[in-house]
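Before any comments, here is the structure.
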There are 2 protein chains.
Amino acid sequence: MKKFLFVVVSVFFVLAAAAAGAPPKYIFLFIGDGMSTPQRMMADEFSRKSGHGQLAMNTLPFHATTRTCSASSLVTDSAAAATAIACGAKTMNGKLGVDPGNRRLESVAEVARKCGRKVGIVTSVTINHATPGGFYAHREHRSMGYAIGLDLIGSGFDYFGGGGLGKYADDRTAKEYKGNLYDLAAKAGYKVVSTKAELLALKQGCGKVFARGADDALPYELDADGSVATLAEFTAKGIELLDNPKGFFMMIEGGSIDWCGHSHEAAANLTEVLGLDRAVRVALAFADKHPDETLIVVTGDHETGGMTLGFAGTGYNLYMERLANQKCTVGEFARKLRAARAAKPDLDFEDAKKMLRDSFGFKFEGKGPMVLSSQEIDVLKAAFAKPPAGKSEPLADAARIIMSNKAGVGWTSGAHTALPVLTTSRGVKAERFTGFIDNTDIARKLKEIIRE
Amino acid sequence: MKKFLFVVVSVFFVLAAAAAGAPPKYIFLFIGDGMSTPQRMMADEFSRKSGHGQLAMNTLPFHATTRTCSASSLVTDSAAAATAIACGAKTMNGKLGVDPGNRRLESVAEVARKCGRKVGIVTSVTINHATPGGFYAHREHRSMGYAIGLDLIGSGFDYFGGGGLGKYADDRTAKEYKGNLYDLAAKAGYKVVSTKAELLALKQGCGKVFARGADDALPYELDADGSVATLAEFTAKGIELLDNPKGFFMMIEGGSIDWCGHSHEAAANLTEVLGLDRAVRVALAFADKHPDETLIVVTGDHETGGMTLGFAGTGYNLYMERLANQKCTVGEFARKLRAARAAKPDLDFEDAKKMLRDSFGFKFEGKGPMVLSSQEIDVLKAAFAKPPAGKSEPLADAARIIMSNKAGVGWTSGAHTALPVLTTSRGVKAERFTGFIDNTDIARKLKEIIRE
């Protein structure tokens with residue numbers, strides 16, 4: 001009875017604090033583009049097999065199943081999904097920050113700013129891509145990259161970090177062309193930086209920041225050489241720059257998970273998820289220091305690729321550890337192959353075998369799981385003999401497919417699927433993100449929390 | 001301030017009641033065999049499109065992501081999964097209710113019985129199949145169906161309902177053969193019934209019951225004609241028979257979802273999930289009458305088929321509503337085809353077209369989503385011309401594949417996959433089933449709750 005009374009009284013005080021509690025001062029929203037449960041679990045199982053334990057994002061205490069359909073289809077695109085997650089309303093695939101009638105919606109980032117918080121937007125892909133754009137842009141179509149860049153500058157948000165504006169930075173064909181977007185950002189008061197050294201040198205109080213690690217997307221985690229700041233580093237710098245007495249809202253997107261889903265590339269997909277998880281860990285470490293003031297939500301916008309953790313050829317087995325043999329993305333391998341061909345026009349299959357060994361860990365003789373069957377070798381030989389078509393390198397594509405097959409990862413679609421995504425959360429008011437929710441509920445709940 | 005104090009005081013009393021609360025008197029554990037999030041969501045989207053709203057099982061307030069790996073593989077079979085969910089320990093694929101060293105484990109159903117509760121086991125497939133067996137049997141291998149039947153009789157559980165013992169009922173080749181299992185059950189004090197009328201006539205106080213709706217599995221929901229009791233009816237009767245002052249534990253399995261996953265049959269898969277959901281609704285209606293005494297947990301044992309809610313051919317679209325055109329299972333269509341061939345040896349493709357129209361809603365001319373392309377018609381023609389091999393009817397299989405393609409449902413494996421399953425729960429102590437859990441946690445938490 002004594003123990004029971006102690007529990008009741010303790011719970012009373014904890015709840016009294018919670019009920020009285022102000023909204024979390026620090027709000028982190030992580031979005032994995034093309035990241036549903038299969039992607040989170042492939043990375044999780046790989047991480048366990050590599051001795052690094054579970055993904056941090058999967059261990060957050062509250063889990064919610066999150067429906068992702070758009071106003072036009074059960075299968076959403078990233079623009080409609082970003083609009084739902086950021087603004088709390090369904091729209092047609094392709095539309096960004098506007099409703100089906102092109103009326104402007106208000107994003108949770110805009111609400112946070114109105115309420116006096118600082119706002120940061122970070123992504124591993126281009127910063128005017130659909131997902132980050134959903135938080136600051138209001139355009140009829142996601143393809144209007146220049147106009148979305150104008151909205152970025154006009155947002156007045158405090159920190160943009162990650163990829164650059166891509167081909168839209170100086171798109172003179174754009175209807176609303178007003179000059180180079182980086183110049184316009186600087187004129188609007190943004191400190192515009194483009195190197196890792198410049199990023200790391202930024203100090204609190206330096207004003208609004210627009211920091212890009214590349215002109216386009218950041219390098220894939222699998223190809224990165226350390227010269228460009230990572231998503232985790234952009235997140236850490238964001239925390240440093242945005243921290244202030246009124247708190248902040250920061251959205252961090254792992255954007256290229258989606259691209260590795262479209263291209264059915266298992267190893268690159270999971271290393272991108274691991275890259276996003278490292279950014280989540282930065283936020284968790286910060287939350288450990290501010291446990292009563294922080295809310296962390298991790299979600300995805302949709303599943304990409306129809307990825308499955310099992311495959312006809314591997315039956316009741318899954319070999320995530322085999323993906324550790326892949327040392328670069330398939331795109332990087334294709335570039336290496338093109339370079340090797342340019343350097344040695346009579347490059348033969350023996351040369352290619354060495355490259356396949358180095359990049360994918362394939363073995364052409366001996367024993368072990370990475371030894372190729374004679375059929376697989378024939379497929380690679382035939383692909384090597386095929387002429388490349390545009391960006392596609394048949395040998396690279398054949399190696400990619402064999403790699404997925406060896407690991408036991410299946411794919412059914414080059415597009416997105418309607419599998420719900422998983423939303424996990426921890427911290428102040430995180431318990432609101434549980435059960436079956438809609439992607440629009442994320443914006444709705446976050447706006448409520450900010451306004452409380 | 002007044003409002004705040006009111007909230008705090010109210011919460012105090014609610015929590016005080018909860019902390020003091022006894023374990024739930026009534027515990028329901030629903031397991032969808034081969035049912036992970038893709039299966040639950042396919043049925044959910046289909047149900048919405050049909051105007052019946054969301055699946056009840058998906059609306060339960062607590063959601064947990066549940067890892068399913070076994071002691072021998074990341075991809076579990078149903079025996080190891082049942083052992084994990086029922087007994088709380090990992091074992092090798094194939095083993096049932098024993099650990100990797102074949103030592104007997106204790107199931108939550110056995111704990112419930114020891115604690116004075118009545119126990120019921122219900123399934124839509126054979127009652128000595130792996131999943132129900134995990135709750136009462138302790139055998140080196142799931143294939144020992146006769147011995148598992150002996151364990152069923154020896155369990156002393158109060159209610160077995162659903163499918164029969166299949167080919168094992170009188171398996172004279174079994175090492176431990178002691179006679180027909182139904183006779184042995186009757187000798188051991190079970191009231192053994194085999195018709196719907198007998199089931200419905202059973203009254204509380206009639207003693208231990210072993211009620212089968214069929215000698216083998218229950219009919220598929222898509223083929224059922226109402227002459228056999230459904231999973232929902234076996235559940236309702238279970239509640240009636242098991243209700244007593246000390247409460248009960250009942251496990252209800254939707255077993256053939258898995259079979260429709262192995263065979264890549266979308267329409268039958270989702271109607272089986274809907275059948276399980278109707279059983280969940282029976283429990284929810286009971287819980288509405290006993291809100292402070294009931295716990296309902298719904299989970300799956302693993303994903304089957306590598307099913308995806310999207311497919312290369314349908315791009316960013318998914319057409320769940322098209323599955324409503326399928327009026328019987330592919331197996332039933334194959335039986336009809338064999339019967340038609342037997343009745344008319346020169347059965348031609350025109351005859352087959354009529355059957356395909358009736359059973360799958362395919363159209364061979366005109367406009368609309370169910371009109372077949374000339375390629376699809378060629379595929380069906382070629383399949384019709386092929387001789388059947390064993391149980392396989394090439395025309396039935398071709399129709400099955402076209403049906404999945406038309407709906408946009410993809411499949412990657414004939415086996416299971418390692419996708420986590422979704423566990424949802426409602427009621428007394430349901431909040432313990434949230435976050436990332438292992439399938440063994442379900443047994444562990446349920447045993448804890450029962451013993452509190």
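Identifiers in the structure tokens: chain A, B, ... in order shown; residue index from 1 per chain; ligand index from 1 in order shown.
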| message | Could you go through region 152-323 of chain A and tell me which residues DSSP, when run on the backbone, assigns to strand (DSSP E or B), listing them as a VMD selection string? | response | chain A and resid 159 to 162 191 to 193 209 to 212 248 to 254 294 to 300 303 to 304 308
How close does region 355-381 of chain B get to region 407-431 of chain B? List, as CSV, each residue of region 355-381 of chain B within 12 Å, its nearest atom pair and the distance in Å to one decimal, counting only C-alpha atoms.
```
residue,atom,partner,partner_atom,distance
B:Phe360,CA,B:Ala407,CA,12.0
B:Pro369,CA,B:Ala407,CA,9.6
B:Met370,CA,B:Ala407,CA,9.8
```
Would you mind exporting N, CA, C and O atoms of the selected residues as a compact mmCIF listing (two decimals), in the first residue's frame?
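Output below, filename again.txt:
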```
# COMPACT_ATOMS: atom_id res chain seq x y z
N PHE B 360 -14.00 -13.07 -61.93
CA PHE B 360 -13.02 -12.00 -61.74
C PHE B 360 -13.50 -10.63 -62.24
O PHE B 360 -12.81 -9.63 -62.07
N PRO B 369 -12.04 -0.01 -66.36
CA PRO B 369 -10.80 -0.52 -65.76
C PRO B 369 -10.67 -2.05 -65.83
O PRO B 369 -9.55 -2.55 -65.79
N MET B 370 -11.78 -2.75 -65.94
CA MET B 370 -11.68 -4.22 -65.92
C MET B 370 -11.57 -4.82 -67.33
O MET B 370 -11.51 -6.04 -67.48
```
| said: Give me, as a PyMOL selection string, all polymer residues having an atom no more than 7 Å from Ile27 (chain B), counting only C-alpha atoms and skipping those fewer than 2 positions away in the same chain. | reply: chain B and resi 24-25+29+248-250+294-296
Restricting the output to N, CA, C and O atoms, write the selected residues as a PDB file, in the first residue's frame.
```pdb
ATOM      1  N   PRO B  24      -6.774  -6.994 -16.407  1.00  0.00           N
ATOM      2  CA  PRO B  24      -8.047  -7.088 -17.119  1.00  0.00           C
ATOM      3  C   PRO B  24      -8.633  -8.485 -16.974  1.00  0.00           C
ATOM      4  O   PRO B  24      -7.908  -9.477 -17.075  1.00  0.00           O
ATOM      5  N   LYS B  25      -9.917  -8.533 -16.688  1.00  0.00           N
ATOM      6  CA  LYS B  25     -10.591  -9.821 -16.493  1.00  0.00           C
ATOM      7  C   LYS B  25     -10.671 -10.577 -17.818  1.00  0.00           C
ATOM      8  O   LYS B  25     -10.553 -11.804 -17.857  1.00  0.00           O
ATOM      9  N   LEU B  29      -6.419 -11.930 -27.576  1.00  0.00           N
ATOM     10  CA  LEU B  29      -5.233 -11.767 -28.412  1.00  0.00           C
ATOM     11  C   LEU B  29      -5.590 -12.248 -29.814  1.00  0.00           C
ATOM     12  O   LEU B  29      -5.852 -13.447 -30.016  1.00  0.00           O
ATOM     13  N   PHE B 248     -11.187 -14.637 -18.556  1.00  0.00           N
ATOM     14  CA  PHE B 248     -10.655 -15.572 -19.544  1.00  0.00           C
ATOM     15  C   PHE B 248      -9.522 -14.979 -20.366  1.00  0.00           C
ATOM     16  O   PHE B 248      -9.289 -13.768 -20.364  1.00  0.00           O
ATOM     17  N   PHE B 249      -8.816 -15.869 -21.051  1.00  0.00           N
ATOM     18  CA  PHE B 249      -7.842 -15.492 -22.073  1.00  0.00           C
ATOM     19  C   PHE B 249      -8.277 -16.206 -23.354  1.00  0.00           C
ATOM     20  O   PHE B 249      -8.465 -17.428 -23.347  1.00  0.00           O
ATOM     21  N   MET B 250      -8.427 -15.453 -24.430  1.00  0.00           N
ATOM     22  CA  MET B 250      -8.812 -16.087 -25.689  1.00  0.00           C
ATOM     23  C   MET B 250      -7.880 -15.617 -26.796  1.00  0.00           C
ATOM     24  O   MET B 250      -7.625 -14.431 -26.955  1.00  0.00           O
ATOM     25  N   THR B 294     -11.392  -5.144 -19.827  1.00  0.00           N
ATOM     26  CA  THR B 294     -11.030  -5.848 -21.054  1.00  0.00           C
ATOM     27  C   THR B 294      -9.752  -5.300 -21.671  1.00  0.00           C
ATOM     28  O   THR B 294      -9.520  -4.091 -21.671  1.00  0.00           O
ATOM     29  N   LEU B 295      -8.932  -6.208 -22.170  1.00  0.00           N
ATOM     30  CA  LEU B 295      -7.748  -5.839 -22.953  1.00  0.00           C
ATOM     31  C   LEU B 295      -7.835  -6.560 -24.290  1.00  0.00           C
ATOM     32  O   LEU B 295      -8.072  -7.775 -24.337  1.00  0.00           O
ATOM     33  N   ILE B 296      -7.662  -5.813 -25.376  1.00  0.00           N
ATOM     34  CA  ILE B 296      -7.658  -6.402 -26.719  1.00  0.00           C
ATOM     35  C   ILE B 296      -6.334  -6.075 -27.394  1.00  0.00           C
ATOM     36  O   ILE B 296      -5.949  -4.904 -27.472  1.00  0.00           O
TER      37      ILE B 296
END
```
| field | Interface list for chain A, partner chain B, 7 Å threshold, only C-alpha atoms, as JSON, numbers by chain | value | {"A": [8, 12, 16, 38, 58, 59, 60, 61, 62, 63, 64, 73, 74, 75, 306, 308, 309, 310, 311, 312, 315, 316, 317, 318, 410, 411, 412, 413, 414, 415, 416, 417, 418, 419, 434, 435, 436]}
| Between CA of Gln54 (chain B) and CA of Ala86 (chain B), what is the spacing in Å? | 28.0 Å
Could you list, as a short mmCIF file (atom, residue, chain, number, x, y, z; two decimals) with all heavy atoms, in the first residue's frame, every residue within 12 Å of region 382-390 of chain B, counting only C-alpha atoms and ignoring same-chain residues fewer than 3 positions away?
```cif
data_model
loop_
_atom_site.label_atom_id
_atom_site.label_comp_id
_atom_site.auth_asym_id
_atom_site.auth_seq_id
_atom_site.Cartn_x
_atom_site.Cartn_y
_atom_site.Cartn_z
N ALA B 334 -10.45 -22.65 -59.90
CA ALA B 334 -9.80 -23.82 -60.49
C ALA B 334 -10.72 -25.04 -60.38
O ALA B 334 -10.84 -25.84 -61.32
CB ALA B 334 -8.46 -24.08 -59.80
N ARG B 335 -11.39 -25.19 -59.22
CA ARG B 335 -12.33 -26.31 -59.04
C ARG B 335 -13.49 -26.21 -60.04
O ARG B 335 -13.88 -27.20 -60.65
CB ARG B 335 -12.88 -26.33 -57.61
CG ARG B 335 -11.99 -27.09 -56.62
CD ARG B 335 -12.65 -27.24 -55.25
NE ARG B 335 -12.76 -25.95 -54.55
CZ ARG B 335 -11.76 -25.37 -53.88
NH1 ARG B 335 -10.58 -25.95 -53.81
NH2 ARG B 335 -11.93 -24.21 -53.27
N LEU B 337 -13.42 -24.75 -62.88
CA LEU B 337 -12.89 -25.00 -64.22
C LEU B 337 -12.75 -26.51 -64.46
O LEU B 337 -13.12 -27.02 -65.52
CB LEU B 337 -11.53 -24.30 -64.37
CG LEU B 337 -10.89 -24.31 -65.75
CD1 LEU B 337 -11.74 -23.54 -66.76
CD2 LEU B 337 -9.48 -23.69 -65.69
N ARG B 338 -12.24 -27.21 -63.45
CA ARG B 338 -12.10 -28.67 -63.57
C ARG B 338 -13.48 -29.32 -63.75
O ARG B 338 -13.66 -30.22 -64.57
CB ARG B 338 -11.40 -29.24 -62.34
CG ARG B 338 -9.87 -29.13 -62.40
CD ARG B 338 -9.19 -30.01 -61.35
NE ARG B 338 -9.39 -29.50 -59.99
CZ ARG B 338 -8.60 -28.60 -59.41
NH1 ARG B 338 -7.55 -28.10 -60.06
NH2 ARG B 338 -8.83 -28.18 -58.19
N ARG B 341 -14.73 -28.66 -67.24
CA ARG B 341 -14.02 -29.52 -68.20
C ARG B 341 -14.54 -30.96 -68.13
O ARG B 341 -14.66 -31.64 -69.15
CB ARG B 341 -12.52 -29.52 -67.89
CG ARG B 341 -11.75 -28.39 -68.55
CD ARG B 341 -10.29 -28.80 -68.76
NE ARG B 341 -9.52 -27.72 -69.35
CZ ARG B 341 -8.71 -26.91 -68.67
NH1 ARG B 341 -8.56 -27.06 -67.37
NH2 ARG B 341 -8.05 -25.96 -69.30
N ASP B 346 -14.86 -30.76 -74.45
CA ASP B 346 -14.35 -29.84 -75.47
C ASP B 346 -14.57 -28.37 -75.08
O ASP B 346 -14.77 -27.51 -75.93
CB ASP B 346 -15.01 -30.14 -76.83
CG ASP B 346 -16.54 -29.95 -76.75
OD1 ASP B 346 -17.08 -29.93 -75.60
OD2 ASP B 346 -17.17 -29.82 -77.80
N LEU B 347 -14.54 -28.13 -73.78
CA LEU B 347 -14.69 -26.75 -73.27
C LEU B 347 -13.72 -25.83 -74.02
O LEU B 347 -12.53 -26.12 -74.12
CB LEU B 347 -14.34 -26.75 -71.77
CG LEU B 347 -14.70 -25.49 -70.97
CD1 LEU B 347 -16.17 -25.54 -70.53
CD2 LEU B 347 -13.81 -25.33 -69.76
N ASP B 348 -14.24 -24.71 -74.55
CA ASP B 348 -13.33 -23.83 -75.31
C ASP B 348 -13.13 -22.49 -74.60
O ASP B 348 -13.72 -22.22 -73.55
CB ASP B 348 -13.83 -23.65 -76.75
CG ASP B 348 -15.18 -22.96 -76.80
OD1 ASP B 348 -15.59 -22.37 -75.77
OD2 ASP B 348 -15.83 -23.03 -77.86
N PHE B 349 -12.29 -21.63 -75.19
CA PHE B 349 -11.93 -20.38 -74.53
C PHE B 349 -13.15 -19.46 -74.35
O PHE B 349 -13.19 -18.69 -73.39
CB PHE B 349 -10.81 -19.67 -75.30
CG PHE B 349 -10.24 -18.51 -74.54
CD1 PHE B 349 -9.60 -18.68 -73.31
CD2 PHE B 349 -10.35 -17.21 -75.04
CE1 PHE B 349 -9.08 -17.60 -72.61
CE2 PHE B 349 -9.83 -16.12 -74.33
CZ PHE B 349 -9.20 -16.31 -73.12
N GLU B 350 -14.13 -19.56 -75.26
CA GLU B 350 -15.34 -18.74 -75.09
C GLU B 350 -16.07 -19.13 -73.80
O GLU B 350 -16.57 -18.26 -73.09
CB GLU B 350 -16.28 -18.92 -76.31
CG GLU B 350 -15.81 -18.20 -77.57
CD GLU B 350 -15.52 -16.71 -77.34
OE1 GLU B 350 -16.41 -16.00 -76.81
OE2 GLU B 350 -14.41 -16.25 -77.68
N ASP B 351 -16.11 -20.44 -73.52
CA ASP B 351 -16.70 -20.88 -72.24
C ASP B 351 -15.90 -20.33 -71.06
O ASP B 351 -16.47 -19.87 -70.06
CB ASP B 351 -16.70 -22.42 -72.16
CG ASP B 351 -17.50 -23.07 -73.28
OD1 ASP B 351 -18.60 -22.57 -73.60
OD2 ASP B 351 -17.01 -24.07 -73.84
N ALA B 352 -14.58 -20.40 -71.21
CA ALA B 352 -13.70 -19.93 -70.12
C ALA B 352 -13.88 -18.43 -69.89
O ALA B 352 -13.84 -17.95 -68.75
CB ALA B 352 -12.25 -20.25 -70.46
N LYS B 353 -14.06 -17.69 -70.98
CA LYS B 353 -14.26 -16.24 -70.86
C LYS B 353 -15.47 -15.91 -69.99
O LYS B 353 -15.43 -15.02 -69.15
CB LYS B 353 -14.45 -15.63 -72.26
CG LYS B 353 -13.13 -15.26 -72.93
CD LYS B 353 -13.28 -15.02 -74.43
CE LYS B 353 -13.93 -13.70 -74.76
NZ LYS B 353 -13.88 -13.43 -76.23
N MET B 355 -16.65 -17.75 -67.62
CA MET B 355 -16.27 -18.05 -66.24
C MET B 355 -15.37 -16.96 -65.67
O MET B 355 -15.49 -16.59 -64.49
CB MET B 355 -15.55 -19.41 -66.18
CG MET B 355 -16.44 -20.58 -66.57
SD MET B 355 -15.54 -22.16 -66.45
CE MET B 355 -15.34 -22.28 -64.67
N LEU B 356 -14.46 -16.45 -66.49
CA LEU B 356 -13.55 -15.38 -66.03
C LEU B 356 -14.34 -14.10 -65.74
O LEU B 356 -14.04 -13.38 -64.78
CB LEU B 356 -12.47 -15.11 -67.09
CG LEU B 356 -11.41 -16.21 -67.25
CD1 LEU B 356 -10.63 -16.02 -68.56
CD2 LEU B 356 -10.45 -16.23 -66.06
N GLN B 375 -2.79 -8.09 -74.86
CA GLN B 375 -1.73 -8.91 -74.28
C GLN B 375 -2.27 -9.79 -73.15
O GLN B 375 -1.92 -10.97 -73.03
CB GLN B 375 -0.58 -8.06 -73.70
CG GLN B 375 0.25 -7.32 -74.75
CD GLN B 375 -0.26 -5.90 -74.99
OE1 GLN B 375 -1.48 -5.66 -74.98
NE2 GLN B 375 0.66 -4.97 -75.20
N GLU B 376 -3.10 -9.18 -72.30
CA GLU B 376 -3.66 -9.94 -71.18
C GLU B 376 -4.54 -11.09 -71.69
O GLU B 376 -4.50 -12.21 -71.15
CB GLU B 376 -4.45 -9.03 -70.23
CG GLU B 376 -3.53 -8.13 -69.38
CD GLU B 376 -4.26 -7.01 -68.64
OE1 GLU B 376 -5.34 -6.57 -69.09
OE2 GLU B 376 -3.72 -6.55 -67.62
N ILE B 377 -5.32 -10.81 -72.75
CA ILE B 377 -6.17 -11.86 -73.31
C ILE B 377 -5.30 -12.98 -73.89
O ILE B 377 -5.60 -14.17 -73.70
CB ILE B 377 -7.13 -11.27 -74.37
CG1 ILE B 377 -8.13 -10.32 -73.68
CG2 ILE B 377 -7.88 -12.38 -75.11
CD1 ILE B 377 -9.03 -9.55 -74.63
N ASP B 378 -4.19 -12.59 -74.53
CA ASP B 378 -3.27 -13.60 -75.07
C ASP B 378 -2.70 -14.48 -73.95
O ASP B 378 -2.58 -15.70 -74.10
CB ASP B 378 -2.12 -12.93 -75.83
CG ASP B 378 -2.59 -12.35 -77.16
OD1 ASP B 378 -3.72 -12.69 -77.59
OD2 ASP B 378 -1.85 -11.53 -77.75
N VAL B 379 -2.35 -13.84 -72.85
CA VAL B 379 -1.82 -14.59 -71.70
C VAL B 379 -2.86 -15.60 -71.20
O VAL B 379 -2.55 -16.77 -70.93
CB VAL B 379 -1.40 -13.62 -70.56
CG1 VAL B 379 -1.18 -14.37 -69.25
CG2 VAL B 379 -0.13 -12.86 -70.95
N GLU B 393 -3.86 -24.89 -61.89
CA GLU B 393 -4.62 -24.63 -63.12
C GLU B 393 -4.02 -23.38 -63.76
O GLU B 393 -4.22 -22.27 -63.24
CB GLU B 393 -6.09 -24.39 -62.78
CG GLU B 393 -6.91 -25.63 -62.59
CD GLU B 393 -7.23 -26.34 -63.92
OE1 GLU B 393 -7.01 -25.76 -65.00
OE2 GLU B 393 -7.70 -27.50 -63.83
N PRO B 394 -3.29 -23.51 -64.85
CA PRO B 394 -2.61 -22.34 -65.43
C PRO B 394 -3.54 -21.15 -65.66
O PRO B 394 -3.16 -20.01 -65.42
CB PRO B 394 -2.05 -22.88 -66.75
CG PRO B 394 -1.84 -24.35 -66.48
CD PRO B 394 -2.95 -24.75 -65.57
N LEU B 395 -4.79 -21.39 -66.08
CA LEU B 395 -5.70 -20.27 -66.33
C LEU B 395 -6.02 -19.53 -65.02
O LEU B 395 -6.07 -18.30 -64.99
CB LEU B 395 -7.00 -20.76 -66.98
CG LEU B 395 -7.99 -19.66 -67.34
CD1 LEU B 395 -7.42 -18.70 -68.37
CD2 LEU B 395 -9.32 -20.24 -67.83
N ALA B 396 -6.22 -20.29 -63.96
CA ALA B 396 -6.52 -19.69 -62.65
C ALA B 396 -5.33 -18.83 -62.19
O ALA B 396 -5.52 -17.71 -61.69
CB ALA B 396 -6.83 -20.78 -61.63
N ASP B 397 -4.13 -19.35 -62.37
CA ASP B 397 -2.94 -18.60 -61.95
C ASP B 397 -2.75 -17.33 -62.77
O ASP B 397 -2.37 -16.28 -62.24
CB ASP B 397 -1.69 -19.49 -62.06
CG ASP B 397 -1.70 -20.58 -61.00
OD1 ASP B 397 -2.31 -20.35 -59.93
OD2 ASP B 397 -1.13 -21.65 -61.24
N ALA B 398 -3.02 -17.43 -64.08
CA ALA B 398 -2.88 -16.24 -64.94
C ALA B 398 -3.89 -15.17 -64.53
O ALA B 398 -3.57 -13.98 -64.46
CB ALA B 398 -3.07 -16.63 -66.40
N ALA B 399 -5.11 -15.59 -64.22
CA ALA B 399 -6.16 -14.64 -63.81
C ALA B 399 -5.76 -13.97 -62.48
O ALA B 399 -5.96 -12.76 -62.30
CB ALA B 399 -7.49 -15.36 -63.66
N ARG B 400 -5.19 -14.77 -61.60
CA ARG B 400 -4.75 -14.26 -60.30
C ARG B 400 -3.71 -13.14 -60.47
O ARG B 400 -3.79 -12.08 -59.82
CB ARG B 400 -4.16 -15.43 -59.50
CG ARG B 400 -3.46 -15.08 -58.23
CD ARG B 400 -2.95 -16.33 -57.51
NE ARG B 400 -2.00 -17.12 -58.25
CZ ARG B 400 -0.73 -16.78 -58.49
NH1 ARG B 400 -0.27 -15.64 -58.02
NH2 ARG B 400 0.06 -17.56 -59.19
N ILE B 401 -2.75 -13.37 -61.35
CA ILE B 401 -1.69 -12.38 -61.55
C ILE B 401 -2.25 -11.11 -62.19
O ILE B 401 -1.94 -9.99 -61.76
CB ILE B 401 -0.56 -12.99 -62.42
CG1 ILE B 401 0.15 -14.09 -61.61
CG2 ILE B 401 0.44 -11.92 -62.85
CD1 ILE B 401 1.05 -15.00 -62.43
#
```
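Using only C-alpha atoms, the nearest neighbour of Ala22 (chain A) within the list A:Gly255, A:Gly331, A:Thr195, A:Lys246 is A:Lys246.
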Each residue of region 254-342 of chain A with at least one atom at most 6 Å from region 221-243 of chain A should appear once, together with its nearest atom pair and the corresponding distance in Å (one decimal); atoms considered: only C-alpha atoms; ordering: chain, then increasing residue number; output as a Markdown table.
```
| residue | atom | partner | partner_atom | distance |
| --- | --- | --- | --- | --- |
| A:Glu272 | CA | A:Glu221 | CA | 5.9 |
| A:Arg278 | CA | A:Ala232 | CA | 5.7 |
| A:Ala279 | CA | A:Ala232 | CA | 3.9 |
| A:Cys328 | CA | A:Leu222 | CA | 5.3 |
```
Could you dump the residues just selected with C-alpha atoms as a PDB file, in the first residue's frame?
```pdb
ATOM      1  CA  GLU A 272      21.105   7.147 -46.335  1.00  0.00           C
ATOM      2  CA  ARG A 278      23.017  10.120 -37.180  1.00  0.00           C
ATOM      3  CA  ALA A 279      21.186  13.459 -37.495  1.00  0.00           C
ATOM      4  CA  CYS A 328      30.060   3.090 -53.459  1.00  0.00           C
TER       5      CYS A 328
END
```
| request: Could you give me, as a VMD selection string, each residue of region 155-294 of chain B that DSSP assigns to alpha helix (DSSP H) when run on this structure's backbone? | output: chain B and resid 155 181 to 187 196 to 201 231 to 242 256 to 262 266 to 289
